[in-house]
Every structure is written in C-alpha cells, then in structure tokens.
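> First the structure, which I've put down as structure tokens, then a few questions once you've had a look.
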There are 2 protein chains.
Amino acid sequence: MSESVPRRRGRRPAGEDTRAAIMAAARKQFAARGYEAATMRGIARDAGVDPRLVHHYFASKEEVFVEAMQFPVRPTTVIGPLVEAGPDGMGERLVRVFFAAWDGPDQRERIMALLASAATSPEGARMLREFVSQEILQRVAAVLPGPDARLRAELAASQMIGVAFVRYLIALDPLASAPVEQLIELLAPVVQRHLVGPLPADPGAGRPAAG
Amino acid sequence: MSESVPRRRGRRPAGEDTRAAIMAAARKQFAARGYEAATMRGIARDAGVDPRLVHHYFASKEEVFVEAMQFPVRPTTVIGPLVEAGPDGMGERLVRVFFAAWDGPDQRERIMALLASAATSPEGARMLREFVSQEILQRVAAVLPGPDARLRAELAASQMIGVAFVRYLIALDPLASAPVEQLIELLAPVVQRHLVGPLPADPGAGRPAAG
C-alpha cells in the first residue's frame, strides 16, 4: 500500500474544492434552516456554485446530508430492502442494519458527534429530528399496520438510539462489549414487537390501554 | 401566596451558603474523579467545611449527586419498592416510575442538561455511567434471574434513555406528545421482556443465539 501513488500532492484538485465548498454550505443550511427547509438550490447559492454542479456530485438532499453529517449509510439505500420484505422479521432486519452501519470503531465518534449536536443545540436537535422523521421513520411507518404505525416506528427507533447511547456514548458494560449477535438476539423480538404489536401468543395481547 | 413572607432578604442564611459551597465542590469532584472515586470527605475538603457538616445536609454520596445533577428523584428511594415486589410486573412499575420522575415541563431541561453533559465530555459520560451503574443498574440486576441479568437491566435502561432522547430532546411527534398512559401500555411489555426474558408463550422463546 505504501508504494501506491498518493492521491494528493500540492493543492487539492478543483473537484475536491467544490465538494468542500458544497459541504460547508450544506452544514450551514441544515443548521440554520433545518433539514426540511434546506434546498439543493440554496446550498448551491451559499457555496457559490451552479445548482447543476451540486446535482452532479449528489443525487439528492438526503445524500448531501449523509455526507455532511458523516452518516455511515444512506437511509434510502438500506431501508428500501428492509421494508420491502414486509413486517415479518423486520425487527431483526432493522437491528442488523443498525449494527452493520454503526458498530465499528470509526463510527463511535460519528455517533457521539451526532448525539452531542442534538443534545447541545436546538438547531442540531431540529436537523436530526427532521432528517430521521422524513428519511427513516416515514419510510418504515409506511409499511406497518395499524393507526399507530408512526408511533411504533418511533418506539423502535428510540430503542436503537438508546442502545447507541449506552453502548457507544456512555459505554456501560456489559452492553458496551457484548457481541453484536447476542444483542441482535435480544433486541430483534423487542423491536419486532414495537413495529407490529404483540405477538399472537403474548399474554396481554390486545389488552386495551389503561386510563 | 403573594402575601407570604419572602424567605430571602439581603444575604442568604449561612446554611444556604454552606449548601452552595458543598454543591460547587461536589460538581467539581464528580466531574474530575467520577462518581465512584468521589468521596464525602473529599467534597467537604474542597468546600472548606467539616465532613460532619456534609453528612448533616446529605445522607449519602448518592443524595449529593442527585442534588448536584438535579435528578428529580433519588434512585435508592424509588428502586427499592420497584424491585422488592419481584420480577412480575417490574417492567410496568419501572416505566411508571420513569415517567413519574421525568415527564414534566421542569424536567425536560434537566434531561437535556444530563444527556448533553454525557454527550459532550468524557467526564460527563463517566459520571453518568458510574452513577447509573452503581445506583440503578446494580440494584435492578440484583433481583433479575439468569446470568445475563446485568445486560438485561442495561437493555431496559437503554429503551427508556432512548425514549427520553426522542420524546424530550429531539421531540419527535407523535412520541413527544403521546399520553403517558399510552406509552406505558406500549413500553411495559417490552421492558418486561428485557428484564425477565421471553414470555413463556412467545414463539421463539429459548431459541439459542445465532452464530
């Protein structure tokens, strides 16, 4: 590997400068306007480039956000296959996709940056809320049964966000060092229950809410 | 109420000054040394007061921490009754205690401060990790069956931390505005499953971990 030609020498190629300018403008737009109100056109304007150039580098606003926030995966790429197979087994597929994306040493800092940004500024919280809402929860809820589909998708998400907080951020053992396969085994049925409701054989299935 | 005698006029009574000095010293100790290594004696020394005075105001290090971090409840006070009744129905009791403590407008800022402190500094993360570990998880895990009791307690905690993050911090609707009773109904069985394992009638109960 050390013999390979270095990709950078002297100043960066023009393409990289443009990308960097787009990224800087995007981060500002997302923080100032949130994910929903930010536009490819506005990002291009702030970056001082032609909008067509932004579209040349990025297929969508989602892709810009994913790169700006250093998300390890594009939700649209992973959630499609995850939900297309229907509710059966979706809990396990969702948990697997989550750990495949986030469970690496490089990802911990990204998770920390993301949670810290949401925890310390209203702008960070709004940005994450709007992105998660539009690109993740809306897609998951669309294939779930029942009137509470969206709430169920959020409860499933809250389980995985909580695991990220405890495993990566405050690093509580044994959860922090448990093998991923053990966690999948323990979390999949719970996430599945959130998504599609009580399993048929569950005692208490269909019991009406108290109050 | 407006007719009542104001409690403060001019400078604060000596007792309040002492408490404030103890609190300032405690916050520094917890941040610098973590929860486990901090001591009542060390806090007294940093506050420039006799250790007996710290014990006069606070029954334990846990009580000092709870006041310093503005925790809404003392874990030892609420967890005792919660676990003494045994594993049956513990999921629901735990979820109820959680919302009773945290689900008020005054509490949101405290939750945000707590999560932000853990998300933005290793000291904040360690402080929270050690406190949650020693004063909450250890007590809950002690009454759970099986070798994975501690991991199960952490998964239950991660569910509730995730709910706090989504409901209070990023405020995703409908979870942010759902009635507490509806959330208890949806979360109790899931937390119960984390705590004591699959319900007997669950399909997949006792299935060995993959891999």
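As shown in the structure tokens, the chain order sets the letters A, B, ...; within each chain, residues go from 1, and ligands are also counted from 1 in the order they appear.
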Would you kindly return, as a PyMOL selection string, each protein, DNA or RNA residue with an atom no farther than 10 Å from any atom of range 98-112 of chain A, considering only C-alpha atoms and excluding same-chain residues fewer than 2 positions away?
(chain A and resi 69-74+78+92-96+114-118+157+160-161+164-165+167-170+180-181+183-184) or (chain B and resi 118-121)
> Suppose we keep N, CA and C atoms; can you now write the selection as a short mmCIF file (atom, residue, chain, number, x, y, z; two decimals), in the first residue's frame?

```
data_model
loop_
_atom_site.label_atom_id
_atom_site.label_comp_id
_atom_site.auth_asym_id
_atom_site.auth_seq_id
_atom_site.Cartn_x
_atom_site.Cartn_y
_atom_site.Cartn_z
N MET A 69 -23.10 15.05 7.52
CA MET A 69 -23.18 14.59 8.91
C MET A 69 -22.33 13.34 9.13
N GLN A 70 -21.67 12.86 8.06
CA GLN A 70 -20.89 11.63 8.13
C GLN A 70 -21.70 10.44 8.63
N PHE A 71 -22.96 10.41 8.20
CA PHE A 71 -23.75 9.19 8.40
C PHE A 71 -23.05 8.04 7.67
N PRO A 72 -23.00 6.86 8.31
CA PRO A 72 -22.27 5.76 7.66
C PRO A 72 -23.01 5.15 6.47
N VAL A 73 -24.33 5.34 6.40
CA VAL A 73 -25.11 4.78 5.29
C VAL A 73 -26.17 5.78 4.85
N ARG A 74 -26.64 5.61 3.61
CA ARG A 74 -27.80 6.39 3.17
C ARG A 74 -29.05 5.62 3.54
N VAL A 78 -30.61 1.57 2.51
CA VAL A 78 -30.77 0.39 3.36
C VAL A 78 -32.22 0.13 3.74
N GLU A 92 -35.71 -7.93 13.23
CA GLU A 92 -34.33 -8.43 13.14
C GLU A 92 -33.57 -7.75 12.01
N ARG A 93 -34.21 -7.56 10.86
CA ARG A 93 -33.51 -6.90 9.74
C ARG A 93 -33.10 -5.48 10.14
N LEU A 94 -33.98 -4.78 10.85
CA LEU A 94 -33.68 -3.41 11.25
C LEU A 94 -32.51 -3.37 12.23
N VAL A 95 -32.51 -4.26 13.20
CA VAL A 95 -31.43 -4.30 14.18
C VAL A 95 -30.10 -4.64 13.50
N ARG A 96 -30.15 -5.59 12.55
CA ARG A 96 -28.92 -5.97 11.82
C ARG A 96 -28.37 -4.80 11.01
N LEU A 114 -23.01 13.21 16.52
CA LEU A 114 -24.42 13.35 16.16
C LEU A 114 -25.28 13.55 17.41
N LEU A 115 -25.09 12.70 18.42
CA LEU A 115 -25.89 12.81 19.64
C LEU A 115 -25.53 14.11 20.36
N ALA A 116 -24.25 14.47 20.37
CA ALA A 116 -23.84 15.70 21.05
C ALA A 116 -24.46 16.92 20.37
N SER A 117 -24.46 16.93 19.05
CA SER A 117 -25.05 18.05 18.31
C SER A 117 -26.53 18.19 18.64
N ALA A 118 -27.23 17.05 18.72
CA ALA A 118 -28.67 17.10 19.04
C ALA A 118 -28.90 17.50 20.48
N ALA A 157 -37.22 3.06 16.94
CA ALA A 157 -36.05 3.92 16.78
C ALA A 157 -35.49 4.31 18.14
N MET A 160 -33.22 1.71 19.56
CA MET A 160 -31.89 1.63 18.97
C MET A 160 -31.04 2.86 19.30
N ILE A 161 -31.67 4.03 19.39
CA ILE A 161 -30.94 5.23 19.80
C ILE A 161 -30.44 5.06 21.24
N ALA A 164 -27.47 2.87 21.24
CA ALA A 164 -26.31 3.63 20.79
C ALA A 164 -25.76 4.50 21.91
N PHE A 165 -26.66 5.13 22.66
CA PHE A 165 -26.24 5.99 23.76
C PHE A 165 -25.49 5.19 24.83
N ARG A 167 -24.25 1.96 24.61
CA ARG A 167 -23.12 1.14 24.13
C ARG A 167 -21.94 2.00 23.69
N TYR A 168 -22.21 3.09 22.97
CA TYR A 168 -21.12 3.85 22.37
C TYR A 168 -20.78 5.12 23.16
N LEU A 169 -21.80 5.76 23.71
CA LEU A 169 -21.54 7.07 24.29
C LEU A 169 -21.14 6.99 25.75
N ILE A 170 -21.98 6.37 26.60
CA ILE A 170 -21.52 6.26 27.99
C ILE A 170 -20.80 4.94 28.23
N VAL A 180 -22.23 -8.47 18.96
CA VAL A 180 -23.38 -7.98 18.20
C VAL A 180 -24.45 -9.06 18.04
N GLU A 181 -24.03 -10.31 17.82
CA GLU A 181 -25.03 -11.37 17.61
C GLU A 181 -25.90 -11.58 18.84
N LEU A 183 -26.66 -9.24 21.00
CA LEU A 183 -27.56 -8.08 21.07
C LEU A 183 -28.69 -8.20 20.05
N ILE A 184 -28.36 -8.69 18.87
CA ILE A 184 -29.41 -8.88 17.85
C ILE A 184 -30.46 -9.84 18.37
N ALA B 118 -23.29 14.21 29.10
CA ALA B 118 -22.73 12.90 28.76
C ALA B 118 -22.25 12.85 27.32
N ALA B 119 -22.94 13.61 26.45
CA ALA B 119 -22.63 13.53 25.02
C ALA B 119 -21.44 14.41 24.63
N THR B 120 -21.10 15.37 25.48
CA THR B 120 -20.09 16.34 25.05
C THR B 120 -18.77 16.24 25.80
N SER B 121 -18.71 15.51 26.90
CA SER B 121 -17.43 15.39 27.58
C SER B 121 -17.26 13.99 28.15
#
```
> From a DSSP pass on the backbone, collect the residues of range 2-209 of chain B flagged as alpha helix (DSSP H) and hand them back as a PyMOL selection string.
chain B and resi 14-37+40-47+51-57+61-68+75-84+90-102+105-120+122-131+138-141+149-164+180-196
> Using only C-alpha atoms and a distance of at most 8 Å, pull out the residues of chain B that contact chain A, as number ranges by chain.
B: 112-113, 115-116, 118-120, 125-126, 128-129, 133, 150-151, 154-155, 157-163, 165-166, 169-175, 181-182, 185-186, 190, 193-194, 199, 201-203, 209-211
> Could you tell me which of A:Arg19, A:Ala31, A:Pro75, A:Pro81 comes closest to Val54 in chain A if we count only C-alpha atoms?
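Among the listed residues, A:Arg19 lies closest to Val54 in chain A.
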> If you count only C-alpha atoms, which residues fall within 10 Å of Glu62 in chain A, apart from same-chain ones fewer than 4 positions away, as a PyMOL selection string?
chain A and resi 35+40+58+66-68+74-76+131+134-135
> Deliver the residues from the most recent selection as a file, using N, CA and C atoms, as an mmCIF file, in the first residue's frame.

```cif
data_model
loop_
_atom_site.group_PDB
_atom_site.id
_atom_site.type_symbol
_atom_site.label_atom_id
_atom_site.label_comp_id
_atom_site.auth_asym_id
_atom_site.auth_seq_id
_atom_site.Cartn_x
_atom_site.Cartn_y
_atom_site.Cartn_z
ATOM 1 N N TYR A 35 -33.524 20.387 8.193
ATOM 2 C CA TYR A 35 -33.387 19.511 7.039
ATOM 3 C C TYR A 35 -34.487 19.755 6.018
ATOM 4 N N MET A 40 -31.335 22.107 -2.307
ATOM 5 C CA MET A 40 -30.134 21.959 -3.132
ATOM 6 C C MET A 40 -29.763 23.323 -3.745
ATOM 7 N N PHE A 58 -24.146 15.102 -6.055
ATOM 8 C CA PHE A 58 -25.062 14.452 -5.112
ATOM 9 C C PHE A 58 -26.424 14.192 -5.755
ATOM 10 N N VAL A 66 -26.235 13.111 4.376
ATOM 11 C CA VAL A 66 -25.498 11.925 4.817
ATOM 12 C C VAL A 66 -23.994 12.198 4.791
ATOM 13 N N GLU A 67 -23.528 12.881 3.751
ATOM 14 C CA GLU A 67 -22.086 13.174 3.691
ATOM 15 C C GLU A 67 -21.709 14.285 4.678
ATOM 16 N N ALA A 68 -22.563 15.300 4.783
ATOM 17 C CA ALA A 68 -22.250 16.414 5.680
ATOM 18 C C ALA A 68 -22.181 15.956 7.132
ATOM 19 N N ARG A 74 -26.642 5.614 3.615
ATOM 20 C CA ARG A 74 -27.797 6.390 3.169
ATOM 21 C C ARG A 74 -29.047 5.618 3.545
ATOM 22 N N PRO A 75 -29.906 6.216 4.383
ATOM 23 C CA PRO A 75 -31.132 5.515 4.784
ATOM 24 C C PRO A 75 -31.924 4.975 3.609
ATOM 25 N N THR A 76 -32.066 5.764 2.542
ATOM 26 C CA THR A 76 -32.878 5.286 1.418
ATOM 27 C C THR A 76 -32.313 3.997 0.820
ATOM 28 N N PHE A 131 -34.535 15.033 9.698
ATOM 29 C CA PHE A 131 -33.926 14.023 8.830
ATOM 30 C C PHE A 131 -34.438 12.623 9.179
ATOM 31 N N GLN A 134 -38.203 12.309 8.172
ATOM 32 C CA GLN A 134 -38.533 12.247 6.755
ATOM 33 C C GLN A 134 -37.893 11.055 6.043
ATOM 34 N N GLU A 135 -36.638 10.768 6.351
ATOM 35 C CA GLU A 135 -35.911 9.775 5.561
ATOM 36 C C GLU A 135 -35.949 8.375 6.171
#
```
> Contacts of range 140-142 of chain B at 8 Å or less, counting only C-alpha atoms, minus same-chain residues fewer than 2 places along, as a PyMOL selection string?
chain B and resi 79+83+136-138+144+149-150+152-153
> Distance CA of Pro145 in chain B-CA of Ser60 in chain B, one decimal place?
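Here the two named atoms are 29.0 Å from each other.
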> Between CA of Gly15 in chain A and CA of Tyr57 in chain A, measure the distance and give it in Å to one decimal.
9.3 Å
